[in-house]
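Printed here is final.txt (compact mmCIF, N, CA and C atoms):
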```txt
# COMPACT_ATOMS: atom_id res chain seq x y z
N MET R 1 97.52 93.07 106.61
CA MET R 1 97.92 94.20 105.79
C MET R 1 97.06 95.41 106.14
N PRO R 2 97.69 96.57 106.19
CA PRO R 2 96.90 97.78 106.48
C PRO R 2 95.94 98.10 105.33
N ARG R 3 94.77 98.55 105.68
CA ARG R 3 93.79 98.96 104.67
C ARG R 3 93.91 100.47 104.49
N GLN R 4 93.74 100.91 103.26
CA GLN R 4 93.79 102.32 102.94
C GLN R 4 92.57 102.69 102.13
N SER R 5 92.18 103.91 102.25
CA SER R 5 91.09 104.43 101.43
C SER R 5 91.68 105.58 100.62
N ILE R 6 91.55 105.50 99.31
CA ILE R 6 92.07 106.56 98.45
C ILE R 6 90.97 107.05 97.52
N THR R 7 91.13 108.28 97.08
CA THR R 7 90.20 108.86 96.13
C THR R 7 90.91 108.98 94.79
N LEU R 8 90.26 108.49 93.75
CA LEU R 8 90.83 108.52 92.40
C LEU R 8 90.00 109.41 91.50
N THR R 9 90.66 109.95 90.49
CA THR R 9 89.89 110.65 89.47
C THR R 9 89.12 109.60 88.67
N GLU R 10 88.11 110.03 87.97
CA GLU R 10 87.32 109.09 87.16
C GLU R 10 88.20 108.40 86.11
N LYS R 11 89.10 109.17 85.49
CA LYS R 11 89.98 108.58 84.47
C LYS R 11 90.90 107.52 85.07
N ASN R 12 91.47 107.79 86.25
CA ASN R 12 92.36 106.81 86.87
C ASN R 12 91.59 105.57 87.31
N ASP R 13 90.40 105.75 87.84
CA ASP R 13 89.59 104.61 88.24
C ASP R 13 89.22 103.76 87.03
N ALA R 14 88.86 104.42 85.94
CA ALA R 14 88.51 103.69 84.71
C ALA R 14 89.72 102.92 84.18
N TRP R 15 90.90 103.54 84.26
CA TRP R 15 92.11 102.88 83.79
C TRP R 15 92.41 101.65 84.63
N LEU R 16 92.33 101.80 85.96
CA LEU R 16 92.57 100.66 86.84
C LEU R 16 91.58 99.53 86.56
N ARG R 17 90.31 99.88 86.44
CA ARG R 17 89.27 98.88 86.17
C ARG R 17 89.56 98.16 84.85
N GLN R 18 89.95 98.92 83.84
CA GLN R 18 90.25 98.33 82.53
C GLN R 18 91.43 97.37 82.63
N GLN R 19 92.46 97.76 83.37
CA GLN R 19 93.63 96.89 83.52
C GLN R 19 93.25 95.58 84.19
N VAL R 20 92.42 95.63 85.20
CA VAL R 20 92.01 94.42 85.92
C VAL R 20 91.11 93.56 85.04
N GLU R 21 90.13 94.18 84.39
CA GLU R 21 89.15 93.41 83.62
C GLU R 21 89.70 92.90 82.29
N GLU R 22 90.42 93.73 81.57
CA GLU R 22 90.86 93.34 80.22
C GLU R 22 92.20 92.62 80.21
N ALA R 23 93.15 93.10 80.99
CA ALA R 23 94.48 92.49 80.97
C ALA R 23 94.47 91.14 81.67
N GLY R 24 93.67 91.02 82.71
CA GLY R 24 93.55 89.74 83.41
C GLY R 24 94.76 89.36 84.24
N GLU R 25 95.71 90.27 84.43
CA GLU R 25 96.90 89.95 85.22
C GLU R 25 96.64 90.10 86.72
N TYR R 26 95.62 90.82 87.09
CA TYR R 26 95.35 91.12 88.48
C TYR R 26 93.93 90.72 88.83
N ALA R 27 93.76 90.24 90.06
CA ALA R 27 92.43 89.83 90.51
C ALA R 27 91.57 91.03 90.89
N ASN R 28 92.24 92.12 91.31
CA ASN R 28 91.50 93.31 91.72
C ASN R 28 92.39 94.55 91.64
N LYS R 29 91.80 95.69 91.88
CA LYS R 29 92.54 96.95 91.79
C LYS R 29 93.62 97.05 92.86
N SER R 30 93.40 96.47 94.02
CA SER R 30 94.41 96.52 95.08
C SER R 30 95.71 95.85 94.65
N GLU R 31 95.60 94.69 94.00
CA GLU R 31 96.80 94.01 93.51
C GLU R 31 97.55 94.88 92.51
N LEU R 32 96.81 95.51 91.63
CA LEU R 32 97.42 96.38 90.62
C LEU R 32 98.10 97.58 91.26
N VAL R 33 97.44 98.23 92.20
CA VAL R 33 98.03 99.39 92.87
C VAL R 33 99.30 98.99 93.61
N ASN R 34 99.28 97.85 94.31
CA ASN R 34 100.48 97.39 94.99
C ASN R 34 101.61 97.11 94.01
N ASP R 35 101.31 96.53 92.86
CA ASP R 35 102.34 96.28 91.85
C ASP R 35 102.89 97.59 91.30
N LEU R 36 102.04 98.56 91.06
CA LEU R 36 102.50 99.87 90.58
C LEU R 36 103.43 100.53 91.59
N ILE R 37 103.11 100.40 92.87
CA ILE R 37 103.96 100.97 93.92
C ILE R 37 105.31 100.26 93.96
N ARG R 38 105.30 98.93 93.87
CA ARG R 38 106.57 98.18 93.84
C ARG R 38 107.43 98.63 92.66
N ARG R 39 106.82 98.77 91.51
CA ARG R 39 107.57 99.20 90.32
C ARG R 39 108.12 100.62 90.49
N ALA R 40 107.34 101.50 91.09
CA ALA R 40 107.80 102.87 91.33
C ALA R 40 108.97 102.87 92.31
N ARG R 41 108.91 102.01 93.32
CA ARG R 41 110.01 101.93 94.28
C ARG R 41 111.28 101.42 93.62
N ARG R 42 111.16 100.41 92.75
CA ARG R 42 112.33 99.90 92.02
C ARG R 42 112.90 100.98 91.12
N ALA R 43 112.03 101.72 90.43
CA ALA R 43 112.49 102.80 89.55
C ALA R 43 113.21 103.88 90.35
N GLU R 44 112.72 104.16 91.54
CA GLU R 44 113.35 105.15 92.41
C GLU R 44 114.77 104.70 92.78
N ILE R 45 114.94 103.43 93.10
CA ILE R 45 116.26 102.89 93.44
C ILE R 45 117.19 103.00 92.23
N ILE R 46 116.69 102.61 91.06
CA ILE R 46 117.50 102.66 89.84
C ILE R 46 117.90 104.10 89.53
N ASN R 47 116.95 105.02 89.63
CA ASN R 47 117.27 106.43 89.35
C ASN R 47 118.30 106.97 90.33
N HIS R 48 118.20 106.58 91.59
CA HIS R 48 119.17 107.00 92.60
C HIS R 48 120.56 106.48 92.24
N ARG R 49 120.63 105.21 91.88
CA ARG R 49 121.92 104.61 91.51
C ARG R 49 122.50 105.27 90.26
N LEU R 50 121.64 105.58 89.31
CA LEU R 50 122.13 106.26 88.11
C LEU R 50 122.69 107.63 88.43
N ALA R 51 122.03 108.36 89.32
CA ALA R 51 122.52 109.68 89.71
C ALA R 51 123.88 109.57 90.38
N ILE R 52 124.04 108.58 91.25
CA ILE R 52 125.34 108.36 91.90
C ILE R 52 126.39 107.99 90.87
N ALA R 53 126.03 107.13 89.93
CA ALA R 53 126.97 106.70 88.90
C ALA R 53 127.42 107.87 88.03
N GLU R 54 126.48 108.75 87.68
CA GLU R 54 126.83 109.90 86.86
C GLU R 54 127.83 110.81 87.56
N LYS R 55 127.71 110.92 88.87
CA LYS R 55 128.60 111.78 89.64
C LYS R 55 129.96 111.13 89.90
N SER R 56 130.04 109.82 89.79
CA SER R 56 131.27 109.11 90.15
C SER R 56 132.34 109.14 89.07
N GLY R 57 131.99 109.51 87.88
CA GLY R 57 132.99 109.58 86.82
C GLY R 57 133.07 108.31 86.00
N VAL R 58 134.20 108.15 85.32
CA VAL R 58 134.41 107.03 84.40
C VAL R 58 134.79 105.77 85.16
N SER R 59 134.22 104.65 84.75
CA SER R 59 134.53 103.36 85.36
C SER R 59 135.49 102.59 84.47
N HIS R 60 136.36 101.83 85.12
CA HIS R 60 137.29 101.00 84.37
C HIS R 60 136.90 99.53 84.43
N GLN R 61 135.68 99.27 84.95
CA GLN R 61 135.17 97.90 85.00
C GLN R 61 134.70 97.48 83.61
N SER R 62 134.81 96.19 83.35
CA SER R 62 134.27 95.66 82.10
C SER R 62 132.76 95.57 82.24
N PRO R 63 132.04 95.54 81.12
CA PRO R 63 130.58 95.38 81.21
C PRO R 63 130.18 94.12 81.98
N ALA R 64 130.93 93.03 81.82
CA ALA R 64 130.61 91.79 82.54
C ALA R 64 130.78 91.97 84.04
N ASP R 65 131.85 92.67 84.45
CA ASP R 65 132.06 92.93 85.87
C ASP R 65 130.96 93.82 86.44
N MET R 66 130.54 94.81 85.68
CA MET R 66 129.47 95.69 86.13
C MET R 66 128.18 94.91 86.33
N LEU R 67 127.87 94.04 85.38
CA LEU R 67 126.65 93.23 85.48
C LEU R 67 126.71 92.31 86.70
N GLU R 68 127.86 91.69 86.91
CA GLU R 68 128.02 90.80 88.06
C GLU R 68 127.83 91.58 89.38
N GLU R 69 128.41 92.76 89.47
CA GLU R 69 128.26 93.59 90.67
C GLU R 69 126.80 94.00 90.87
N PHE R 70 126.13 94.37 89.78
CA PHE R 70 124.72 94.77 89.86
C PHE R 70 123.87 93.60 90.37
N LYS R 71 124.08 92.42 89.81
CA LYS R 71 123.30 91.25 90.22
C LYS R 71 123.55 90.92 91.69
N LYS R 72 124.79 91.06 92.14
CA LYS R 72 125.11 90.79 93.54
C LYS R 72 124.37 91.76 94.44
N ARG R 73 124.36 93.04 94.09
CA ARG R 73 123.67 94.03 94.90
C ARG R 73 122.16 93.78 94.93
N GLN R 74 121.60 93.38 93.79
CA GLN R 74 120.16 93.10 93.72
C GLN R 74 119.80 91.97 94.67
N SER R 75 120.63 90.96 94.76
CA SER R 75 120.32 89.81 95.63
C SER R 75 120.46 90.17 97.11
N GLU R 76 121.21 91.23 97.41
CA GLU R 76 121.41 91.63 98.80
C GLU R 76 120.32 92.56 99.31
N GLU R 77 119.51 93.14 98.42
CA GLU R 77 118.47 94.08 98.83
C GLU R 77 117.29 93.34 99.43
N PRO R 78 116.62 93.99 100.40
CA PRO R 78 115.44 93.35 101.03
C PRO R 78 114.28 93.24 100.07
```

Go through the file and emit its structure as structure tokens.
Amino acid sequence: MPRQSITLTEKNDAWLRQQVEEAGEYANKSELVNDLIRRARRAEIINHRLAIAEKSGVSHQSPADMLEEFKKRQSEEP
């Protein structure tokens, strides 16, 4: 994996440290930063799809059909 060096504000560093130490979900700050990036990337995809959907107009699909299509697309993504 590529190594990166980043500079954080004191508040952001304290927040990251607190998340690692108190929440206990991550072994270190690198794991947390990678998870935050993954979540941001997923949010970006969702926002893009929502923008496309808003422009496409009214759908005549049932909610169940929409969910099935969404799940199919999710499984096809890398």

- Between atom CA of R:Gln19 and atom C of R:Glu31, what is the distance, to one decimal in Å?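 Going from atom CA of R:Gln19 over to atom C of R:Glu31, I get 10.0 Å.
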
- Item | Shortest interatomic distance to R:Gln4 - which of R:Ala27, R:Val20, R:Val33, R:Leu67, counting only C-alpha atoms | R:Val33

- Which of chain R fall in helix (DSSP H, G or I), as JSON, numbers by chain: {"R": [10, 11, 12, 13, 14, 15, 16, 17, 18, 19, 20, 21, 22, 23, 29, 30, 31, 32, 33, 34, 35, 36, 37, 38, 39, 40, 41, 42, 43, 44, 45, 46, 47, 48, 49, 50, 51, 52, 53, 54, 55, 56, 63, 64, 65, 66, 67, 68, 69, 70, 71, 72, 73, 74, 75, 76]}

- Figure out the distance between atom CA of R:Glu25 and atom N of R:Gln74, please, to one decimal in Å. 26.4 Å

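Across the model, the gap from atom C of R:Ser75 to atom CA of R:Lys29 is 29.2 Å.
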
Work out where the centre of an axis-aligned box around every listed atom of stretch 32-41 of chain R lies and how long its edges are once 5 Å is added on each side; give both in Å to one decimal as JSON.
```
{"center_x": 104.0, "center_y": 99.2, "center_z": 92.7, "size_x": 24.5, "size_y": 17.4, "size_z": 14.7}
```

- Message: Taking only C-alpha atoms into account, name the residue in R:Arg42, R:Lys11, R:Arg73, R:Arg17 that is nearest to R:Ser30.
- Response: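 Among the listed residues, R:Arg17 lies closest to R:Ser30.
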